[in-house]
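Coordinates as given in query19.pdb (PDB, C-alpha atoms):
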ATOM      1  CA  MET A   1     122.226  87.709  93.384
ATOM      2  CA  GLU A   2     119.703  90.386  92.585
ATOM      3  CA  ARG A   3     120.763  93.941  93.364
ATOM      4  CA  GLN A   4     119.087  95.569  96.330
ATOM      5  CA  ARG A   5     119.108  99.158  97.571
ATOM      6  CA  ILE A   6     118.247  99.574 101.263
ATOM      7  CA  LEU A   7     117.808 103.001 102.847
ATOM      8  CA  PHE A   8     117.953 103.480 106.625
ATOM      9  CA  THR A   9     116.708 106.769 108.043
ATOM     10  CA  GLY A  10     116.093 108.155 111.508
ATOM     11  CA  VAL A  11     117.350 110.767 113.905
ATOM     12  CA  GLY A  12     120.583 110.947 115.868
ATOM     13  CA  GLY A  13     120.757 108.573 118.816
ATOM     14  CA  GLN A  14     118.452 105.899 117.357
ATOM     15  CA  GLY A  15     121.180 103.566 116.067
ATOM     16  CA  THR A  16     120.628 104.048 112.337
ATOM     17  CA  LEU A  17     124.305 103.624 111.476
ATOM     18  CA  LEU A  18     124.718 100.515 113.638
ATOM     19  CA  ALA A  19     121.702  98.949 111.903
ATOM     20  CA  SER A  20     123.203  99.463 108.451
ATOM     21  CA  ARG A  21     126.554  98.157 109.693
ATOM     22  CA  LEU A  22     124.967  94.999 111.138
ATOM     23  CA  LEU A  23     123.109  94.272 107.911
ATOM     24  CA  GLY A  24     126.172  95.032 105.778
ATOM     25  CA  GLU A  25     128.421  92.765 107.839
ATOM     26  CA  ALA A  26     125.845  89.961 107.778
ATOM     27  CA  ALA A  27     125.617  90.239 103.972
ATOM     28  CA  MET A  28     129.427  90.217 103.633
ATOM     29  CA  ALA A  29     129.593  87.135 105.833
ATOM     30  CA  GLU A  30     127.322  85.423 103.282
ATOM     31  CA  GLY A  31     129.741  86.321 100.495
ATOM     32  CA  MET A  32     127.792  89.208  98.995
ATOM     33  CA  ASP A  33     129.226  92.293  97.342
ATOM     34  CA  VAL A  34     128.210  95.070  99.762
ATOM     35  CA  THR A  35     128.582  98.847  99.964
ATOM     36  CA  VAL A  36     127.581 100.528 103.245
ATOM     37  CA  SER A  37     127.571 104.289 103.462
ATOM     38  CA  GLU A  38     126.372 107.155 105.616
ATOM     39  CA  VAL A  39     124.650 109.448 103.138
ATOM     40  CA  HIS A  40     124.415 112.455 105.411
ATOM     41  CA  GLY A  41     123.542 113.170 108.968
ATOM     42  CA  MET A  42     124.181 114.908 112.210
ATOM     43  CA  ALA A  43     125.783 113.060 115.066
ATOM     44  CA  GLN A  44     123.934 114.904 117.804
ATOM     45  CA  ARG A  45     120.655 113.553 119.119
ATOM     46  CA  GLY A  46     117.718 114.758 117.039
ATOM     47  CA  GLY A  47     119.545 115.417 113.751
ATOM     48  CA  VAL A  48     118.514 113.490 110.634
ATOM     49  CA  VAL A  49     120.699 110.470 109.871
ATOM     50  CA  GLU A  50     120.572 108.412 106.675
ATOM     51  CA  SER A  51     122.658 105.454 105.604
ATOM     52  CA  THR A  52     122.487 102.969 102.766
ATOM     53  CA  VAL A  53     123.271  99.313 102.259
ATOM     54  CA  MET A  54     123.764  98.348  98.612
ATOM     55  CA  LEU A  55     123.791  94.633  97.807
ATOM     56  CA  GLY A  56     124.834  92.915  94.596
ATOM     57  CA  GLY A  57     127.680  95.069  93.321
ATOM     58  CA  ILE A  58     126.076  98.513  93.191
ATOM     59  CA  ALA A  59     129.050 100.864  93.144
ATOM     60  CA  GLY A  60     127.570 104.182  94.286
ATOM     61  CA  PRO A  61     126.173 104.787  97.785
ATOM     62  CA  ILE A  62     123.402 107.191  96.723
ATOM     63  CA  ILE A  63     119.797 106.079  96.255
ATOM     64  CA  SER A  64     118.009 108.239  93.694
ATOM     65  CA  ASP A  65     114.293 109.047  93.781
ATOM     66  CA  GLY A  66     112.145 105.948  93.260
ATOM     67  CA  GLU A  67     115.098 103.538  93.554
ATOM     68  CA  ALA A  68     114.909 102.224  97.136
ATOM     69  CA  ASP A  69     113.933  98.571  97.246
ATOM     70  CA  VAL A  70     113.646  98.767 101.030
ATOM     71  CA  LEU A  71     113.135 101.677 103.425
ATOM     72  CA  VAL A  72     113.794 101.069 107.119
ATOM     73  CA  SER A  73     112.803 104.120 109.140
ATOM     74  CA  PHE A  74     113.269 104.688 112.842
ATOM     75  CA  GLU A  75     110.928 107.683 113.050
ATOM     76  CA  PRO A  76     107.601 108.339 111.247
ATOM     77  CA  LEU A  77     108.327 111.867 110.012
ATOM     78  CA  GLU A  78     111.575 110.604 108.502
ATOM     79  CA  THR A  79     109.574 107.818 106.837
ATOM     80  CA  ILE A  80     107.320 110.425 105.219
ATOM     81  CA  ARG A  81     110.333 112.482 104.120
ATOM     82  CA  ALA A  82     111.955 109.428 102.513
ATOM     83  CA  LEU A  83     108.919 108.243 100.527
ATOM     84  CA  GLY A  84     110.218 109.968  97.401
ATOM     85  CA  LYS A  85     113.094 107.468  97.376
ATOM     86  CA  CYS A  86     110.582 104.607  97.152
ATOM     87  CA  SER A  87     108.562 103.137  94.293
ATOM     88  CA  CYS A  88     105.233 101.313  94.490
ATOM     89  CA  LYS A  89     107.242  98.052  94.727
ATOM     90  CA  SER A  90     109.228  99.139  97.787
ATOM     91  CA  VAL A  91     109.114  97.417 101.161
ATOM     92  CA  ILE A  92     108.702  99.923 104.003
ATOM     93  CA  ILE A  93     109.471  99.118 107.647
ATOM     94  CA  THR A  94     108.683 101.979 110.024
ATOM     95  CA  ASN A  95     108.645 102.713 113.710
ATOM     96  CA  THR A  96     105.401 104.519 114.647
ATOM     97  CA  VAL A  97     106.693 106.510 117.639
ATOM     98  CA  PRO A  98     107.496 110.175 116.848
ATOM     99  CA  VAL A  99     110.563 112.054 117.962
ATOM    100  CA  GLU A 100     109.158 115.572 117.880
ATOM    101  CA  PRO A 101     111.364 118.128 116.116
ATOM    102  CA  PHE A 102     112.342 121.306 117.930
ATOM    103  CA  THR A 103     109.872 123.357 115.858
ATOM    104  CA  VAL A 104     106.964 121.135 116.967
ATOM    105  CA  LYS A 105     108.018 121.401 120.619
ATOM    106  CA  LEU A 106     108.049 125.202 120.290
ATOM    107  CA  GLY A 107     104.582 125.198 118.723
ATOM    108  CA  GLN A 108     105.911 126.556 115.422
ATOM    109  CA  ALA A 109     104.929 123.465 113.424
ATOM    110  CA  GLU A 110     102.505 120.573 113.648
ATOM    111  CA  TYR A 111     103.552 116.934 113.610
ATOM    112  CA  PRO A 112     101.923 114.974 110.747
ATOM    113  CA  ASP A 113      99.074 112.542 111.506
ATOM    114  CA  VAL A 114     100.968 109.237 111.744
ATOM    115  CA  ASP A 115      97.890 107.015 111.291
ATOM    116  CA  HIS A 116      96.877 108.912 108.139
ATOM    117  CA  TRP A 117     100.327 108.495 106.615
ATOM    118  CA  ILE A 118     100.551 104.801 107.477
ATOM    119  CA  GLY A 119      97.200 104.321 105.739
ATOM    120  CA  PHE A 120      98.537 106.217 102.729
ATOM    121  CA  MET A 121     101.617 103.993 102.620
ATOM    122  CA  ARG A 122      99.574 100.807 102.860
ATOM    123  CA  ASP A 123      97.518 102.014  99.868
ATOM    124  CA  HIS A 124     100.504 102.940  97.703
ATOM    125  CA  TYR A 125     103.437 100.624  98.488
ATOM    126  CA  ALA A 126     103.946  96.872  98.096
ATOM    127  CA  THR A 127     104.679  95.992 101.718
ATOM    128  CA  VAL A 128     104.360  98.218 104.778
ATOM    129  CA  LYS A 129     105.198  97.070 108.298
ATOM    130  CA  ALA A 130     104.441  99.744 110.914
ATOM    131  CA  LEU A 131     105.070  98.975 114.574
ATOM    132  CA  ASP A 132     105.940 100.488 117.939
ATOM    133  CA  ALA A 133     109.562  99.378 117.838
ATOM    134  CA  GLU A 134     110.361 101.452 120.915
ATOM    135  CA  ALA A 135     108.004  99.410 123.114
ATOM    136  CA  LEU A 136     109.465  96.146 121.797
ATOM    137  CA  ALA A 137     113.012  97.380 122.431
ATOM    138  CA  LYS A 138     112.089  98.232 126.025
ATOM    139  CA  GLU A 139     110.518  94.788 126.378
ATOM    140  CA  ALA A 140     113.823  93.316 125.201
ATOM    141  CA  GLY A 141     115.637  95.171 127.956
ATOM    142  CA  THR A 142     116.993  98.344 126.336
ATOM    143  CA  ALA A 143     115.335 101.168 124.389
ATOM    144  CA  LYS A 144     118.558 101.421 122.374
ATOM    145  CA  ALA A 145     117.718  98.135 120.625
ATOM    146  CA  LEU A 146     114.989  99.835 118.552
ATOM    147  CA  ASN A 147     117.287  99.477 115.530
ATOM    148  CA  VAL A 148     117.588  95.718 115.988
ATOM    149  CA  VAL A 149     113.808  95.361 116.421
ATOM    150  CA  LEU A 150     113.373  96.921 112.967
ATOM    151  CA  ILE A 151     116.047  94.661 111.454
ATOM    152  CA  GLY A 152     114.154  91.690 112.906
ATOM    153  CA  THR A 153     110.950  92.904 111.248
ATOM    154  CA  LEU A 154     112.788  93.408 107.952
ATOM    155  CA  SER A 155     114.263  89.925 108.179
ATOM    156  CA  ALA A 156     110.798  88.436 108.695
ATOM    157  CA  THR A 157     109.511  89.950 105.422
ATOM    158  CA  GLY A 158     111.705  87.522 103.494
ATOM    159  CA  VAL A 159     112.953  90.195 101.059
ATOM    160  CA  LEU A 160     116.545  90.116 102.316
ATOM    161  CA  PRO A 161     119.013  87.750 100.666
ATOM    162  CA  VAL A 162     120.566  87.357 104.130
ATOM    163  CA  SER A 163     119.409  84.661 106.545
ATOM    164  CA  ALA A 164     118.013  85.476 109.973
ATOM    165  CA  GLU A 165     120.611  83.130 111.444
ATOM    166  CA  ARG A 166     123.432  85.099 109.828
ATOM    167  CA  ILE A 167     122.030  88.340 111.260
ATOM    168  CA  ARG A 168     121.831  86.764 114.730
ATOM    169  CA  ASP A 169     125.470  85.651 114.424
ATOM    170  CA  THR A 170     126.487  89.168 113.377
ATOM    171  CA  ILE A 171     124.657  90.697 116.346
ATOM    172  CA  THR A 172     126.453  88.290 118.675
ATOM    173  CA  ARG A 173     129.852  89.188 117.182
ATOM    174  CA  THR A 174     129.332  92.957 116.819
ATOM    175  CA  VAL A 175     127.329  94.208 119.791
ATOM    176  CA  LYS A 176     129.059  94.776 123.141
ATOM    177  CA  LYS A 177     128.904  91.567 125.164
ATOM    178  CA  ARG A 178     126.664  92.947 127.900
ATOM    179  CA  PHE A 179     124.038  93.979 125.310
ATOM    180  CA  VAL A 180     124.039  90.812 123.177
ATOM    181  CA  GLU A 181     121.190  89.062 124.992
ATOM    182  CA  ALA A 182     118.896  92.118 124.856
ATOM    183  CA  ASN A 183     119.674  92.686 121.177
ATOM    184  CA  LEU A 184     118.996  89.071 120.256
ATOM    185  CA  LYS A 185     115.684  89.312 122.095
ATOM    186  CA  ALA A 186     114.931  92.578 120.272
ATOM    187  CA  PHE A 187     115.604  90.861 116.940
ATOM    188  CA  GLU A 188     113.193  88.028 117.824
ATOM    189  CA  LEU A 189     110.494  90.433 119.027
ATOM    190  CA  GLY A 190     110.769  92.449 115.818
ATOM    191  CA  PHE A 191     110.776  89.285 113.718
ATOM    192  CA  ASN A 192     107.654  87.947 115.452
ATOM    193  CA  ALA A 193     105.870  91.329 115.292
ATOM    194  CA  ALA A 194     106.115  91.431 111.498
ATOM    195  CA  ALA A 195     103.075  89.211 111.060
ATOM    196  CA  ASP A 196     100.816  91.739 112.815
ATOM    197  CA  ALA A 197     102.547  94.984 111.789
TER
END

What is this file in structure tokens?
Amino acid sequence: MERQRILFTGVGGQGTLLASRLLGEAAMAEGMDVTVSEVHGMAQRGGVVESTVMLGGIAGPIISDGEADVLVSFEPLETIRALGKCSCKSVIITNTVPVEPFTVKLGQAEYPDVDHWIGFMRDHYATVKALDAEALAKEAGTAKALNVVLIGTLSATGVLPVSAERIRDTITRTVKKRFVEANLKAFELGFNAAADA
């Protein structure tokens, strides 16, 4: 199997770590050599959280500049911050709904123009899927399923060596029973949204 470096980034409370765990467990269930790691982060809501999923026997958990094959970002400013980890061949999946940092709320900084940056990404990277994952998660029944919406979109790109069915099985086994139905719906909504994102 070809090696693949996947970077997840977002802010605390968005489910970044659960997303990397779900993908890692699905890959392991398909017999792949997987390393899942939290690179750095802050547990409290609003702090930056990054995690990696390395497929194909990559020993280290760190993704160097230009090495990410896939970037899955839960927040647009974090997408912009992580672009240095990508190359022109990278696949980028991003939520388009900002979580404004404290400095922006205080009027001490300005939030970047999301539409401008998405246009920039589409011009410079192989595949870019930008969508309002928050709205789809709410449609699925819980805003907390934003992470699973983005995994659904990633799955639909066809770049993962993990089947959509395996990811569905992993969601069913891993997520708390009362949230399984909403998360499976979130996965399908994200998967179906990929064509238009």

Got a sec to resolve the PyMOL selection byres ((chain A and resi 60-73) around 6) on this structure and send the residues as a tab-separated table (two decimals) with C-alpha atoms, keeping the file's coordinate frame?
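The result, stored in selection39.tsv:
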chain	number	residue	atom	x	y	z
A	5	ARG	CA	119.11	99.16	97.57
A	6	ILE	CA	118.25	99.57	101.26
A	7	LEU	CA	117.81	103.00	102.85
A	8	PHE	CA	117.95	103.48	106.62
A	9	THR	CA	116.71	106.77	108.04
A	10	GLY	CA	116.09	108.16	111.51
A	37	SER	CA	127.57	104.29	103.46
A	58	ILE	CA	126.08	98.51	93.19
A	59	ALA	CA	129.05	100.86	93.14
A	74	PHE	CA	113.27	104.69	112.84
A	75	GLU	CA	110.93	107.68	113.05
A	79	THR	CA	109.57	107.82	106.84
A	84	GLY	CA	110.22	109.97	97.40
A	85	LYS	CA	113.09	107.47	97.38
A	86	CYS	CA	110.58	104.61	97.15
A	87	SER	CA	108.56	103.14	94.29
A	90	SER	CA	109.23	99.14	97.79
A	91	VAL	CA	109.11	97.42	101.16
A	92	ILE	CA	108.70	99.92	104.00
A	93	ILE	CA	109.47	99.12	107.65
A	94	THR	CA	108.68	101.98	110.02

Residue among A:Lys177, A:Ala194, A:Leu189, A:Lys144 lying closest to Gly158 (chain A), counting all atoms listed in the file
A:Ala194

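Coordinates place CA of Gly13 (chain A) at a distance of 18.6 Å from CA of Val180 (chain A).
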
List the residues selected by the PyMOL selection byres ((chain A and resi 15) around 12) in the file shown, writing them as a PDB file with C-alpha atoms, keeping the file's coordinate frame.
ATOM      1  CA  PHE A   8     117.953 103.480 106.625  1.00  0.00           C
ATOM      2  CA  THR A   9     116.708 106.769 108.043  1.00  0.00           C
ATOM      3  CA  GLY A  10     116.093 108.155 111.508  1.00  0.00           C
ATOM      4  CA  VAL A  11     117.350 110.767 113.905  1.00  0.00           C
ATOM      5  CA  GLY A  12     120.583 110.947 115.868  1.00  0.00           C
ATOM      6  CA  GLY A  13     120.757 108.573 118.816  1.00  0.00           C
ATOM      7  CA  GLN A  14     118.452 105.899 117.357  1.00  0.00           C
ATOM      8  CA  THR A  16     120.628 104.048 112.337  1.00  0.00           C
ATOM      9  CA  LEU A  17     124.305 103.624 111.476  1.00  0.00           C
ATOM     10  CA  LEU A  18     124.718 100.515 113.638  1.00  0.00           C
ATOM     11  CA  ALA A  19     121.702  98.949 111.903  1.00  0.00           C
ATOM     12  CA  SER A  20     123.203  99.463 108.451  1.00  0.00           C
ATOM     13  CA  ARG A  21     126.554  98.157 109.693  1.00  0.00           C
ATOM     14  CA  LEU A  22     124.967  94.999 111.138  1.00  0.00           C
ATOM     15  CA  ALA A  43     125.783 113.060 115.066  1.00  0.00           C
ATOM     16  CA  GLN A  44     123.934 114.904 117.804  1.00  0.00           C
ATOM     17  CA  ARG A  45     120.655 113.553 119.119  1.00  0.00           C
ATOM     18  CA  GLY A  46     117.718 114.758 117.039  1.00  0.00           C
ATOM     19  CA  VAL A  48     118.514 113.490 110.634  1.00  0.00           C
ATOM     20  CA  VAL A  49     120.699 110.470 109.871  1.00  0.00           C
ATOM     21  CA  GLU A  50     120.572 108.412 106.675  1.00  0.00           C
ATOM     22  CA  SER A  51     122.658 105.454 105.604  1.00  0.00           C
ATOM     23  CA  VAL A  72     113.794 101.069 107.119  1.00  0.00           C
ATOM     24  CA  SER A  73     112.803 104.120 109.140  1.00  0.00           C
ATOM     25  CA  PHE A  74     113.269 104.688 112.842  1.00  0.00           C
ATOM     26  CA  GLU A  75     110.928 107.683 113.050  1.00  0.00           C
ATOM     27  CA  ALA A 143     115.335 101.168 124.389  1.00  0.00           C
ATOM     28  CA  LYS A 144     118.558 101.421 122.374  1.00  0.00           C
ATOM     29  CA  ALA A 145     117.718  98.135 120.625  1.00  0.00           C
ATOM     30  CA  LEU A 146     114.989  99.835 118.552  1.00  0.00           C
ATOM     31  CA  ASN A 147     117.287  99.477 115.530  1.00  0.00           C
ATOM     32  CA  VAL A 148     117.588  95.718 115.988  1.00  0.00           C
ATOM     33  CA  VAL A 149     113.808  95.361 116.421  1.00  0.00           C
ATOM     34  CA  LEU A 150     113.373  96.921 112.967  1.00  0.00           C
ATOM     35  CA  ILE A 151     116.047  94.661 111.454  1.00  0.00           C
ATOM     36  CA  VAL A 175     127.329  94.208 119.791  1.00  0.00           C
TER      37      VAL A 175
END

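Across A:Thr96, A:Thr174, A:Ala26, A:Val53, the tightest approach to Ala135 (chain A) is made by A:Thr96 when counting only C-alpha atoms.
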
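You will find CA of Glu2 (chain A) at 12.0 Å from CA of Val162 (chain A).
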
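For Asp115 (chain A), the residues within 12 Å (counting all atoms listed in the file, excluding itself and residues fewer than 6 positions away along the chain) are Pro76, Leu77, Ile80, Thr94, Asn95, Thr96, Val97, Pro98, Met121, Arg122, Ala130 and Leu131 of chain A.
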
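Counting all atoms listed in the file, the residue from A:Phe102, A:Ala27, A:Leu83, A:Trp117 that sits nearest to Gly56 (chain A) is A:Ala27.
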
Would you pick out the contacts of Met32 (chain A) at 9 Å or less, using all atoms listed in the file, so that residues sharing its chain but fewer than 3 positions from it are not included, and give the list as a count of residues only?
7

Restricting the calculation to all atoms listed in the file: of A:Thr52, A:Thr127, A:Asn192, A:Thr172, which residue gets closest to Gly152 (chain A)?
A:Asn192

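For the residues A:Asp132, A:Asp123, A:Glu188, A:Glu181, ranking by smallest atom-to-atom distance to Ser155 (chain A) using only C-alpha atoms places A:Glu188 first.
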
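Across A:Ala109, A:Glu30, A:Glu38, A:Ala126, the tightest approach to Val159 (chain A) is made by A:Ala126 when counting only C-alpha atoms.
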
Between CA of Val36 (chain A) and CA of Glu78 (chain A), what is the spacing in Å?
19.6 Å

Specify the axis-aligned box that encloses all atoms of region 162-178 of chain A listed in the file after padding of 8 Å on each side, stating its centre and edge lengths in Å to one decimal as lines of an AutoDock Vina configuration file.
center_x = 123.9
center_y = 89.0
center_z = 116.0
size_x = 27.8
size_y = 27.6
size_z = 39.8
